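S.K.: Before anything else, here's the structure in question.
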Amino acid sequence: MDLFEKISADIKSAMLAKDKVRLETLRGIKKEFLEAKTAKGADGELSDDTAIKIMTKMVKQRRETAEIYASQARPELAQNELAEAAVIEEYLPAQLTEEELAAELKRIIAEVGATSAKEMGKVMGAASKALAGRADGKAISAKVKELLA
């Protein structure tokens with residue numbers, strides 16, 4: 001069962017459970033998936049890799065929005081955004097720990113042959129592809145800077 005089918009099945013479960021936050025979040029995910037499937041140039045199929053990229057972007061948007069709400073003293077709205085992010089994260093691959101991220105990046109740096117911070121672009125390109133969905137871009141960037149320094 002691919003992610004699209006799993007989300008569709010879970011929408012039904014959320015309806016039966018009357019879980020409003022989960023239902024609205026899953027409907028939002030399905031909407032994004034359908035838009036990606038029918039986008040110009042798309043072949044009508046949605047790979048799990050593409051689905052993961054879409055959901056990673058959605059989680060990032062929810063977290064940024066929650067920060068804005070929190071800074072504007074709107075905790076109830078921030079809490080709702082974080083709840084939606086948590087639902088989306090259930091469908092994403094497990095995030096790498098700090099140690100796992102460092103180990104993966106050391107391996108990638110060795111593969112690429114980077115020795116200085118000037119070669120950060122090469123490392124980031126390879127790391128972004130290899131760690132897509134398993135680590136946040138900011139965390140990858142910060143760790144690469146640290147390792148190349």
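In the structure tokens, each chain is lettered A, B, ... as it comes, each chain's residues begin at 1, and ligands are numbered from 1 in order of appearance.
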Could you pull out the helix (DSSP H, G or I) residues of chain A from DSSP and send them as number ranges by chain?

M.R.: A: 3-17, 20-38, 48-71, 75-89, 98-112, 117-130, 137-148

S.K.: List as a Markdown table every residue of range 2-79 of chain A that is in contact with range 88-98 of chain A, defined as an atom at most 9 Å from one of its atoms (using only C-alpha atoms), together with the nearest atom pair and the distance in Å rounded to one decimal, sorted by chain and then rising number.

M.R.:
| residue | atom | partner | partner_atom | distance |
| --- | --- | --- | --- | --- |
| A:Leu3 | CA | A:Tyr91 | CA | 7.7 |
| A:Ile7 | CA | A:Tyr91 | CA | 8.6 |
| A:Arg22 | CA | A:Ile88 | CA | 8.9 |
| A:Thr25 | CA | A:Ile88 | CA | 7.3 |
| A:Leu26 | CA | A:Ile88 | CA | 7.7 |
| A:Ile29 | CA | A:Ile88 | CA | 7.9 |
| A:Ile52 | CA | A:Leu92 | CA | 6.3 |
| A:Met55 | CA | A:Ile88 | CA | 6.5 |
| A:Thr56 | CA | A:Leu92 | CA | 7.5 |
| A:Met58 | CA | A:Ile88 | CA | 7.7 |
| A:Val59 | CA | A:Ile88 | CA | 6.6 |

S.K.: Okay, now the selection with N, CA and C atoms, as a compact mmCIF listing (two decimals), in the first residue's frame?

M.R.:
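Saved file result_19.txt follows:
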# COMPACT_ATOMS: atom_id res chain seq x y z
N LEU A 3 1.66 5.47 0.05
CA LEU A 3 1.24 6.52 0.99
C LEU A 3 -0.13 7.10 0.64
N ILE A 7 -3.16 7.13 3.26
CA ILE A 7 -3.82 8.37 3.70
C ILE A 7 -5.32 8.27 3.47
N ARG A 22 -7.12 15.30 13.05
CA ARG A 22 -6.53 14.27 12.18
C ARG A 22 -7.22 14.25 10.81
N THR A 25 -6.24 17.32 8.74
CA THR A 25 -4.84 17.21 8.32
C THR A 25 -4.70 16.21 7.19
N LEU A 26 -5.33 15.05 7.33
CA LEU A 26 -5.24 14.02 6.29
C LEU A 26 -5.89 14.48 4.99
N ILE A 29 -3.39 16.67 3.32
CA ILE A 29 -2.33 15.88 2.69
C ILE A 29 -2.84 15.31 1.36
N ILE A 52 6.77 11.97 0.21
CA ILE A 52 7.54 12.31 1.41
C ILE A 52 8.03 13.75 1.33
N MET A 55 5.10 16.00 2.13
CA MET A 55 4.75 16.00 3.56
C MET A 55 5.83 16.68 4.40
N THR A 56 7.10 16.56 4.00
CA THR A 56 8.18 17.24 4.72
C THR A 56 7.97 18.75 4.63
N MET A 58 5.12 20.23 4.17
CA MET A 58 3.95 20.57 4.97
C MET A 58 4.29 20.69 6.45
N VAL A 59 5.13 19.79 6.95
CA VAL A 59 5.53 19.84 8.36
C VAL A 59 6.30 21.13 8.62

S.K.: Using only C-alpha atoms, can you tell me which of A:Glu111, A:Glu146, A:Glu32, A:Glu81 comes closest to Thr50 in chain A?

M.R.: A:Glu32

S.K.: What lies within 9 Å of Lys53 in chain A using only C-alpha atoms, ignoring chain neighbours under 5 positions off, as a PyMOL selection string?

M.R.: chain A and resi 48+58+132-133

S.K.: For Arg107 in chain A, find every residue with an atom within 12 Å (counting only C-alpha atoms), except residues of its own chain fewer than 5 positions away, and show them as a PyMOL selection string.

M.R.: chain A and resi 100-102+112-114+123+126-127+130-131+144+147

S.K.: Write out, as a PDB file, in the first residue's frame, the residues just selected, with C-alpha atoms.

M.R.:
ATOM      1  CA  GLU A 100      23.225   9.200  13.167  1.00  0.00           C
ATOM      2  CA  LEU A 101      23.190  12.448  11.189  1.00  0.00           C
ATOM      3  CA  ALA A 102      26.855  13.108  11.986  1.00  0.00           C
ATOM      4  CA  VAL A 112      32.557  13.450  -2.081  1.00  0.00           C
ATOM      5  CA  GLY A 113      36.131  14.033  -0.967  1.00  0.00           C
ATOM      6  CA  ALA A 114      35.447  17.446   0.560  1.00  0.00           C
ATOM      7  CA  VAL A 123      28.409  17.976   0.228  1.00  0.00           C
ATOM      8  CA  ALA A 126      24.742  14.836  -2.020  1.00  0.00           C
ATOM      9  CA  ALA A 127      23.483  15.027   1.569  1.00  0.00           C
ATOM     10  CA  ALA A 130      20.686  10.969   0.519  1.00  0.00           C
ATOM     11  CA  LEU A 131      18.925  12.227   3.647  1.00  0.00           C
ATOM     12  CA  VAL A 144      28.071  20.048   7.513  1.00  0.00           C
ATOM     13  CA  LEU A 147      32.241  19.008  10.224  1.00  0.00           C
TER      14      LEU A 147
END

S.K.: List as a PyMOL selection string the protein and nucleic acid residues near Arg63 in chain A, meaning an atom at most 12 Å away when only C-alpha atoms are counted, but skip any in the same chain fewer than 5 places from it.

M.R.: chain A and resi 56-58+68-70+77-86+88-89+136

S.K.: Any chance you could export the current selection's N, CA and C atoms as a PDB file, in the first residue's frame?

M.R.:
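Final output, again29.pdb:
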ATOM      1  N   THR A  56       7.100  16.558   4.004  1.00  0.00           N
ATOM      2  CA  THR A  56       8.178  17.239   4.721  1.00  0.00           C
ATOM      3  C   THR A  56       7.973  18.751   4.629  1.00  0.00           C
ATOM      4  N   LYS A  57       7.605  19.210   3.450  1.00  0.00           N
ATOM      5  CA  LYS A  57       7.339  20.635   3.242  1.00  0.00           C
ATOM      6  C   LYS A  57       6.159  21.088   4.095  1.00  0.00           C
ATOM      7  N   MET A  58       5.121  20.232   4.173  1.00  0.00           N
ATOM      8  CA  MET A  58       3.947  20.575   4.971  1.00  0.00           C
ATOM      9  C   MET A  58       4.288  20.691   6.453  1.00  0.00           C
ATOM     10  N   ILE A  68       5.187  31.658  14.356  1.00  0.00           N
ATOM     11  CA  ILE A  68       4.604  32.995  14.153  1.00  0.00           C
ATOM     12  C   ILE A  68       3.459  33.212  15.132  1.00  0.00           C
ATOM     13  N   TYR A  69       2.576  32.224  15.238  1.00  0.00           N
ATOM     14  CA  TYR A  69       1.454  32.339  16.173  1.00  0.00           C
ATOM     15  C   TYR A  69       1.947  32.497  17.608  1.00  0.00           C
ATOM     16  N   ALA A  70       2.956  31.741  17.986  1.00  0.00           N
ATOM     17  CA  ALA A  70       3.488  31.822  19.344  1.00  0.00           C
ATOM     18  C   ALA A  70       4.067  33.204  19.616  1.00  0.00           C
ATOM     19  N   LEU A  77      -3.757  28.721  18.437  1.00  0.00           N
ATOM     20  CA  LEU A  77      -3.502  28.497  17.014  1.00  0.00           C
ATOM     21  C   LEU A  77      -2.170  27.785  16.804  1.00  0.00           C
ATOM     22  N   ALA A  78      -1.174  28.154  17.600  1.00  0.00           N
ATOM     23  CA  ALA A  78       0.135  27.501  17.507  1.00  0.00           C
ATOM     24  C   ALA A  78      -0.003  26.022  17.865  1.00  0.00           C
ATOM     25  N   GLN A  79      -0.784  25.724  18.892  1.00  0.00           N
ATOM     26  CA  GLN A  79      -0.991  24.342  19.322  1.00  0.00           C
ATOM     27  C   GLN A  79      -1.655  23.525  18.222  1.00  0.00           C
ATOM     28  N   ASN A  80      -2.621  24.119  17.523  1.00  0.00           N
ATOM     29  CA  ASN A  80      -3.305  23.426  16.434  1.00  0.00           C
ATOM     30  C   ASN A  80      -2.327  23.104  15.294  1.00  0.00           C
ATOM     31  N   GLU A  81      -1.468  24.052  14.946  1.00  0.00           N
ATOM     32  CA  GLU A  81      -0.483  23.826  13.882  1.00  0.00           C
ATOM     33  C   GLU A  81       0.483  22.699  14.269  1.00  0.00           C
ATOM     34  N   LEU A  82       0.918  22.696  15.524  1.00  0.00           N
ATOM     35  CA  LEU A  82       1.833  21.648  15.988  1.00  0.00           C
ATOM     36  C   LEU A  82       1.153  20.284  16.015  1.00  0.00           C
ATOM     37  N   ALA A  83      -0.138  20.265  16.327  1.00  0.00           N
ATOM     38  CA  ALA A  83      -0.891  19.001  16.317  1.00  0.00           C
ATOM     39  C   ALA A  83      -0.970  18.459  14.892  1.00  0.00           C
ATOM     40  N   GLU A  84      -1.203  19.343  13.927  1.00  0.00           N
ATOM     41  CA  GLU A  84      -1.242  18.919  12.524  1.00  0.00           C
ATOM     42  C   GLU A  84       0.130  18.410  12.081  1.00  0.00           C
ATOM     43  N   ALA A  85       1.194  19.094  12.489  1.00  0.00           N
ATOM     44  CA  ALA A  85       2.552  18.659  12.134  1.00  0.00           C
ATOM     45  C   ALA A  85       2.816  17.258  12.689  1.00  0.00           C
ATOM     46  N   ALA A  86       2.344  16.996  13.905  1.00  0.00           N
ATOM     47  CA  ALA A  86       2.552  15.681  14.518  1.00  0.00           C
ATOM     48  C   ALA A  86       1.826  14.585  13.731  1.00  0.00           C
ATOM     49  N   ILE A  88       1.140  14.634  10.492  1.00  0.00           N
ATOM     50  CA  ILE A  88       1.871  14.455   9.229  1.00  0.00           C
ATOM     51  C   ILE A  88       3.144  13.655   9.470  1.00  0.00           C
ATOM     52  N   GLU A  89       3.841  13.940  10.570  1.00  0.00           N
ATOM     53  CA  GLU A  89       5.104  13.250  10.871  1.00  0.00           C
ATOM     54  C   GLU A  89       4.933  11.749  11.058  1.00  0.00           C
ATOM     55  N   ASP A 136      16.171  17.407   8.668  1.00  0.00           N
ATOM     56  CA  ASP A 136      15.817  18.763   8.268  1.00  0.00           C
ATOM     57  C   ASP A 136      17.000  19.430   7.569  1.00  0.00           C
TER      58      ASP A 136
END

S.K.: So which residues touch Leu23 in chain A within 12 Å, counting only C-alpha atoms, skipping near sequence neighbours fewer than 6 positions away, as number ranges by chain?

M.R.: A: 7-17, 29-30, 83-84, 87-88
